[in-house]
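Undergrad: Sharing a structure, written as structure tokens. Questions coming.
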There are 2 protein chains.
Amino acid sequence: MTPSRAFGFLLARGRGRLFLSRSLDLLPSQGLFYTHGKLVAQSSKHYSGFSRELDPWKCCFTPSYLGVIEGLKALVTVNFSVLHHRPFSSASTSTKRNPYFSTVSLDDVRHFVDILGHKSVIQDEDRLLAANIDWMRKYKGSSQLLLLPKNTEEVSKILQYCNTRCLAVVPQGGNTGLVGGSVPVYDEVIINLSSMDKNISFDKVNGILICEAGCILENLNSFLANEGYIMPLDLGAKGSCQIGGNVSTNAGGLHFIRYGSLHGNILGLEVILADGTILDMLTTLRKDNTGYDLKHIFIGSEGTLGIITKVAVLTPCKPSSTNVAFLACNDYLSCQKLLAEAKRDLGEAISAFEFMDCSSVEMALTHIEGVRNPLPTSLYNFYVLIETAGTDESYDRTKLEALLVRSMEMGLISDGVIAQDLNQASSFWQIREGVSEATGKAGAVYKYDLSLPVEMLYSVVEEIRTRLGNAAKVLGFGHLGDGNLHLNILSANYDSKILAQIEPFVYEWTAQHRGSISAEHGLGLMKAEKIHYSKSAENVNLMVSIKKLLDPKGILNPYKVLPQSLLQN
Amino acid sequence: MTPSRAFGFLLARGRGRLFLSRSLDLLPSQGLFYTHGKLVAQSSKHYSGFSRELDPWKCCFTPSYLGVIEGLKALVTVNFSVLHHRPFSSASTSTKRNPYFSTVSLDDVRHFVDILGHKSVIQDEDRLLAANIDWMRKYKGSSQLLLLPKNTEEVSKILQYCNTRCLAVVPQGGNTGLVGGSVPVYDEVIINLSSMDKNISFDKVNGILICEAGCILENLNSFLANEGYIMPLDLGAKGSCQIGGNVSTNAGGLHFIRYGSLHGNILGLEVILADGTILDMLTTLRKDNTGYDLKHIFIGSEGTLGIITKVAVLTPCKPSSTNVAFLACNDYLSCQKLLAEAKRDLGEAISAFEFMDCSSVEMALTHIEGVRNPLPTSLYNFYVLIETAGTDESYDRTKLEALLVRSMEMGLISDGVIAQDLNQASSFWQIREGVSEATGKAGAVYKYDLSLPVEMLYSVVEEIRTRLGNAAKVLGFGHLGDGNLHLNILSANYDSKILAQIEPFVYEWTAQHRGSISAEHGLGLMKAEKIHYSKSAENVNLMVSIKKLLDPKGILNPYKVLPQSLLQN
């Protein structure tokens with residue numbers, strides 16, 4: 001009964017109740033979960049395999065041991081199945097290692113030990129392996145050195161040294177990214193911020209939190225909940241992802257429609273530049289018009305311009321009531337109109353506005369155990385999930401009901417139901433969140449994450465459906481309120497002919513309609529060479545100039561975000 | 001009865017009812033207002049002088065004629081008095097003209113006529129005079145050329161030419177800035193965007209507006225009101241200021257507490273770089289994580305990095321109900337606690353949270369005609385004005401009342417009243433808005449616009465009061481909800497001894513407490529050399545590097561924002 005030394009991520013998302021094990025010792029074959037040698041949870045199911053990808057419920061087990069065990073809170077029963085490794089054409093990279101970069105020498109290691117101490121300079125193979133692989137096991141680097149700085153000065157000293165020595169680095173937070181941005185491509189030194197996880201201050205009057213970059217999003221949320229506030233972002237990966245990584249990747253998430261972009265919510269940052277300069281922009285002021293607002297350059301730059309070490313966040317008050325409605329619409333135009341009506345009637349009370357087409361819902365109903373159709377009398381062309389969050393349960397509910405009655409009278413809604421309790425609300429969310437999971441069970445899947453103007457967001461689904469005919473099943477769902485489409489294409493097996501029908505068509509179509517080929521996941525390694533589909537040459541050139549200005553030697557997270565051909569000129 | 005060819009700004013702000021004449025022919029001595037030779041309004045009062053400064057009601061008349069008559073909507077009766085010219089020490093600049101810049105030649109003028117046509121190349125003395133002076137008549141340049149481009153391509157051609165010829169330019173919108181940012185310092189070519197005032201598109205589902213930079217804020221708001229939306233910012237100068245200028249200066253305004261920074265509300269920009277490059281960042285996507293989000297560099301850069309030509313804005317739904325409460329508190333701590341309670345109970349319904357100390361209210365009551373104290377039984381140490389905006393009049397009111405009852409029970413409020421109708425709400429606002437106006441009547445005034453952490457925002461008022469003793473009257477008021485203090489210091493006459501007691505103390509104090517010496521007005525010419533009080537050397541150095549990267553010849557709005565010594569190295 002000694003647990004195997006296995007490393008595990010387990011992110012099981014129930015709306016508002018996130019259960020997480022960041023890293024576990026486990027005996028998955030017996031459904032037993034240990035941490036620090038102690039049994040912390042027991043699953044009702046036993047597992048024949050190790051891994052499963054489940055989006056936004058994400059589970060990944062690797063047979064190696066990370067060695068960092070923390071943040072464990074609780075655990076729900078989650079069913080595992082074997083992870084299907086699904087190489088995407090877009091994941092492949094033809095990038096060569098930049099020969100300009102040095103390789104880590106024994107002297108380098110000794111120097112880092114001098115700066116950080118032995119415990120923070122990791123060369124252990126198992127721990128390195130875990131840090132070299134992303135949680136999807138889609139990207140794998142070959143770094144020989146993992147550094148765990150404990151404070152700003154240590155990060156500064158590391159970068160100063162690496163810059164002088166031309167040692168490339170990859171900043172790493174919770175390593176929950178989806179585009180290979182947080183793992184090395186070759187032998188870059190990994191700088192993991194997880195040891196910098198202190199809350200520095202909280203201003204209760206204004207709801208302004210200052211914390212270190214390695215703080216885990218869920219921990220911050222738990223801390224804030226006691227103060228009557230919440231973080232302005234919520235992600236499936238909240239139990240593992242770190243706020244520094246969230247800011248570096250400009251994470252969107254589930255409450256984007258309500259609280260907007262991090263560019264509006266982040267008040268200040270402390271960033272270490274490539275040469276070790278500590279850039280103190282850690283203001284907590286809501287208004288400050290003294291010169292250029294430099295922090296915004298770093299938000300969403302995916303660690304290629306600097307390493308974020310501290311963050312000041314404006315946090316919203318915690319809503320005390322939540323309502324969820326699950327609705328059916330006959331056509332996409334009705335979904336759009338319903339969005340407009342909901343925005344008008346509910347205003348800022350809307351905390352989510354999600355949509356799914358019929359195929360998506362069917363997929364979830366067919367493949368996800370325990371998911372039931374709350375509108376079983378008929379199958380409709382589209383489904384919409386609306387969530388509101390406010391401070392007055394009965395008032396909020398009355399407003400939502402009034403909207404639904406009116407929308408039904410207007411013919412926008414064909415059928416609908418409001419959750420009577422948290423369980424029912426959760427079961428509605430299960431359908432929406434189950435779609436992605438279901439696609440993984442149905443065969444090979446080609447996934448795209450697009451931003452498009454709402455009025456044409458579904459057209460790309462229809463066009464691709466026409467292009468592919470019977471060769472594949474095309475699903476459209478996502479965050480309608482944010483104009484964010486998840487386009488999933490399913491076939492029995494991976495097929496280069498099908499892929500050729502999709503790409504570059506989907507990128508070109510997105511570009512033609514001024515959309516974004518990456519709504520919220522960033523470019524990372526996966527789409528660095530595809531940036532021109534969403535950004536003009538003038539934009540990309542300016543980005544390259546800024547990259548060269550801030551990181552002349554290119555040591556920060558190389559091969560990511562920008563095309564290599566432009567950077568290595 | 002022929003009207004004199006006088007140029008007028010008249011911004012009379014009544015909350016929610018803004019009456020504006022952007023440019024008028026007038027016979028002020030007879031109270032008659034003309035535009036295009038037509039009588040448009042008649043005042044009940046006659047005027048012996050031309051001008052008056054009235055903040056946030058701002059009126060300024062110059063004896064020259066701007067020649068641009070547009071945006072006229074209606075006019076309220078406004079009393080005028082003679083504008084007191086009040087030179088600030090901080091307005092003075094020791095900057096020398098950069099000898100590297102060319103001067104405008106006849107060939108240059110011919111070239112601009114070729115690009116723009118005769119009508120858009122202005123050399124008329126009267127019109128130049130108006131464009132060379134800011135509305136406060138505090139800054140005056142000596143430009144010999146005013147250009148009025150009609151589209152993006154014309155702006156691009158102008159800049160391309162100016163960059164080649166080393167001709168410095170000043171981008172100008174509504175010229176309503178407060179720090180000398182929108183007028184030339186020497187002979188810079190003025191590029192006024194007022195001819196670019198087209199609405200390009202409006203997405204009714206998502207409330208996304210695309211328009212040209214020269215659109216006047218109030219006109220945009222009027223357009224949106226018909227669609228059920230509002231602009232996410234509201235300013236005293238809304239009748240004249242242009243959205244391009246708002247974005248360039250990262251304007252804050254009255255609804256900042258509700259809708260936040262423009263960094264969160266601006267979705268896309270089109271910007272012309274110094275060399276004429278058209279940088280198309282005009283996305284309307286809410287989510288787009290493809291590379292660095294470059295638009296943020298230009299928001300708040302005060303025209304020193306590029307000229308904004310088009311803007312995409314995310315607009316909030318129009319609230320249908322407004323409530324205003326006027327409250328008295330015994331001490332500053334109670335004001336702070338009340339803010340926390342209001343944020344908790346009213347959440348995002350708060351659309352303003354303003355405070356005034358006793359001296360400020362007394363000043364308004366003494367000097368502003370028609371202003372009455374709604375809490376006349378006693379004078380209190382502090383007053384707070386809370387405004388809520390929502391969609392349900394009675395519900396919103398009930399919530400506000402409940403907050404007030406509870407806050408009274410907690411001892412936070414000593415007295416208070418909720419406006420019973422729009423007139424009463426307006427009369428409450430008159431007190432708050434009258435403070436600034438009243439200071440202008442009371443003698444010499446030294447004005448500071450500071451951002452500070454809320455808990456110490458009032459301490460600087462107390463410290464300066466102690467420093468100055470009986471030598472001056474010290475007033476503290478402003479946008480408490482945003483941590484934005486207006487510090488006004490009044491004495492009988494301008495006195496260098498008093499000034500020496502205030503400066504650099506006020507800047508140093510602000511710096512010590514990590515505040516901002518410019519909360520919302522920007523640095524412009526007035527505070528370019530004072531940036532180090534709010535930004536570290538590392539920050540300023542990076543700003544200078546970015547300025548040099550984007551505008552190597554320094555032709556864009558020279559002498560502004562950044563210290564000249566760093567730029568001309």
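If you're wondering about the labels, chains in the structure tokens are A, B, ... by order shown, residues count from 1 in each chain, ligands from 1 in order shown.
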For region 208-222 of chain B, find every residue with an atom within 8 Å (counting only C-alpha atoms), except residues of its own chain fewer than 3 positions away, and show them as a PyMOL selection string.

TA: chain B and resi 71+173-174+193-204+225-226+229-231+238-245+284+308-315

Undergrad: Residues of chain A within 7 Å of chain B, counting only C-alpha atoms, what are they? List them as number ranges by chain.

TA: A: 205-206, 260-261, 263-264, 279, 283, 285-293, 296-297, 300-301, 317, 336-337, 339-340, 344, 347, 451-453, 482-483, 514-516, 518-523, 531, 534, 538-539, 543, 561

Undergrad: Extract the full set of strand (DSSP E or B) residues from region 220-332 of chain A according to DSSP on the backbone, and format it as JSON, numbers by chain.

TA: {"A": [229, 242, 266, 267, 268, 269, 270, 271, 272, 278, 279, 280, 281, 307, 308, 309, 310, 311, 312, 313, 314, 317, 321, 322, 323, 324, 325, 326, 327, 328, 329]}

Undergrad: Restricting it to C-alpha atoms, dump the selection as a PDB file, in the first residue's frame.

TA:
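Contents of again15.pdb, as written:
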ATOM      1  CA  TYR A 229     -14.024  40.159  -2.087  1.00  0.00           C
ATOM      2  CA  GLN A 242      -0.386  31.379 -10.446  1.00  0.00           C
ATOM      3  CA  ILE A 266      -4.327  45.000 -12.644  1.00  0.00           C
ATOM      4  CA  LEU A 267      -3.268  48.226 -10.936  1.00  0.00           C
ATOM      5  CA  GLY A 268       0.411  47.579 -10.600  1.00  0.00           C
ATOM      6  CA  LEU A 269       3.232  45.166 -11.321  1.00  0.00           C
ATOM      7  CA  GLU A 270       6.783  44.563 -10.313  1.00  0.00           C
ATOM      8  CA  VAL A 271       8.706  43.141 -13.235  1.00  0.00           C
ATOM      9  CA  ILE A 272      12.306  42.020 -13.633  1.00  0.00           C
ATOM     10  CA  ILE A 278      13.799  45.696 -11.120  1.00  0.00           C
ATOM     11  CA  LEU A 279      10.976  47.704 -12.675  1.00  0.00           C
ATOM     12  CA  ASP A 280       8.772  48.892  -9.833  1.00  0.00           C
ATOM     13  CA  MET A 281       5.318  49.694 -11.216  1.00  0.00           C
ATOM     14  CA  ILE A 307       9.364  38.232 -15.319  1.00  0.00           C
ATOM     15  CA  ILE A 308       6.476  39.436 -13.189  1.00  0.00           C
ATOM     16  CA  THR A 309       7.357  39.134  -9.499  1.00  0.00           C
ATOM     17  CA  LYS A 310       4.581  41.095  -7.763  1.00  0.00           C
ATOM     18  CA  VAL A 311       1.046  42.063  -8.667  1.00  0.00           C
ATOM     19  CA  ALA A 312      -1.464  44.638  -7.399  1.00  0.00           C
ATOM     20  CA  VAL A 313      -5.051  43.677  -8.264  1.00  0.00           C
ATOM     21  CA  LEU A 314      -8.300  45.569  -7.924  1.00  0.00           C
ATOM     22  CA  CYS A 317     -16.882  42.675  -3.942  1.00  0.00           C
ATOM     23  CA  SER A 321     -26.391  35.325  -4.879  1.00  0.00           C
ATOM     24  CA  THR A 322     -26.093  33.325  -8.098  1.00  0.00           C
ATOM     25  CA  ASN A 323     -28.766  32.298 -10.600  1.00  0.00           C
ATOM     26  CA  VAL A 324     -28.327  30.046 -13.605  1.00  0.00           C
ATOM     27  CA  ALA A 325     -30.730  29.557 -16.515  1.00  0.00           C
ATOM     28  CA  PHE A 326     -30.505  26.929 -19.260  1.00  0.00           C
ATOM     29  CA  LEU A 327     -32.339  27.994 -22.404  1.00  0.00           C
ATOM     30  CA  ALA A 328     -33.103  26.762 -25.910  1.00  0.00           C
ATOM     31  CA  CYS A 329     -33.077  28.955 -29.028  1.00  0.00           C
TER      32      CYS A 329
END

Undergrad: What parts of region 134-246 of chain B does DSSP call helix (DSSP H, G or I)? I'd like the answer as a PyMOL selection string.

TA: chain B and resi 152-165+217-227+243-246
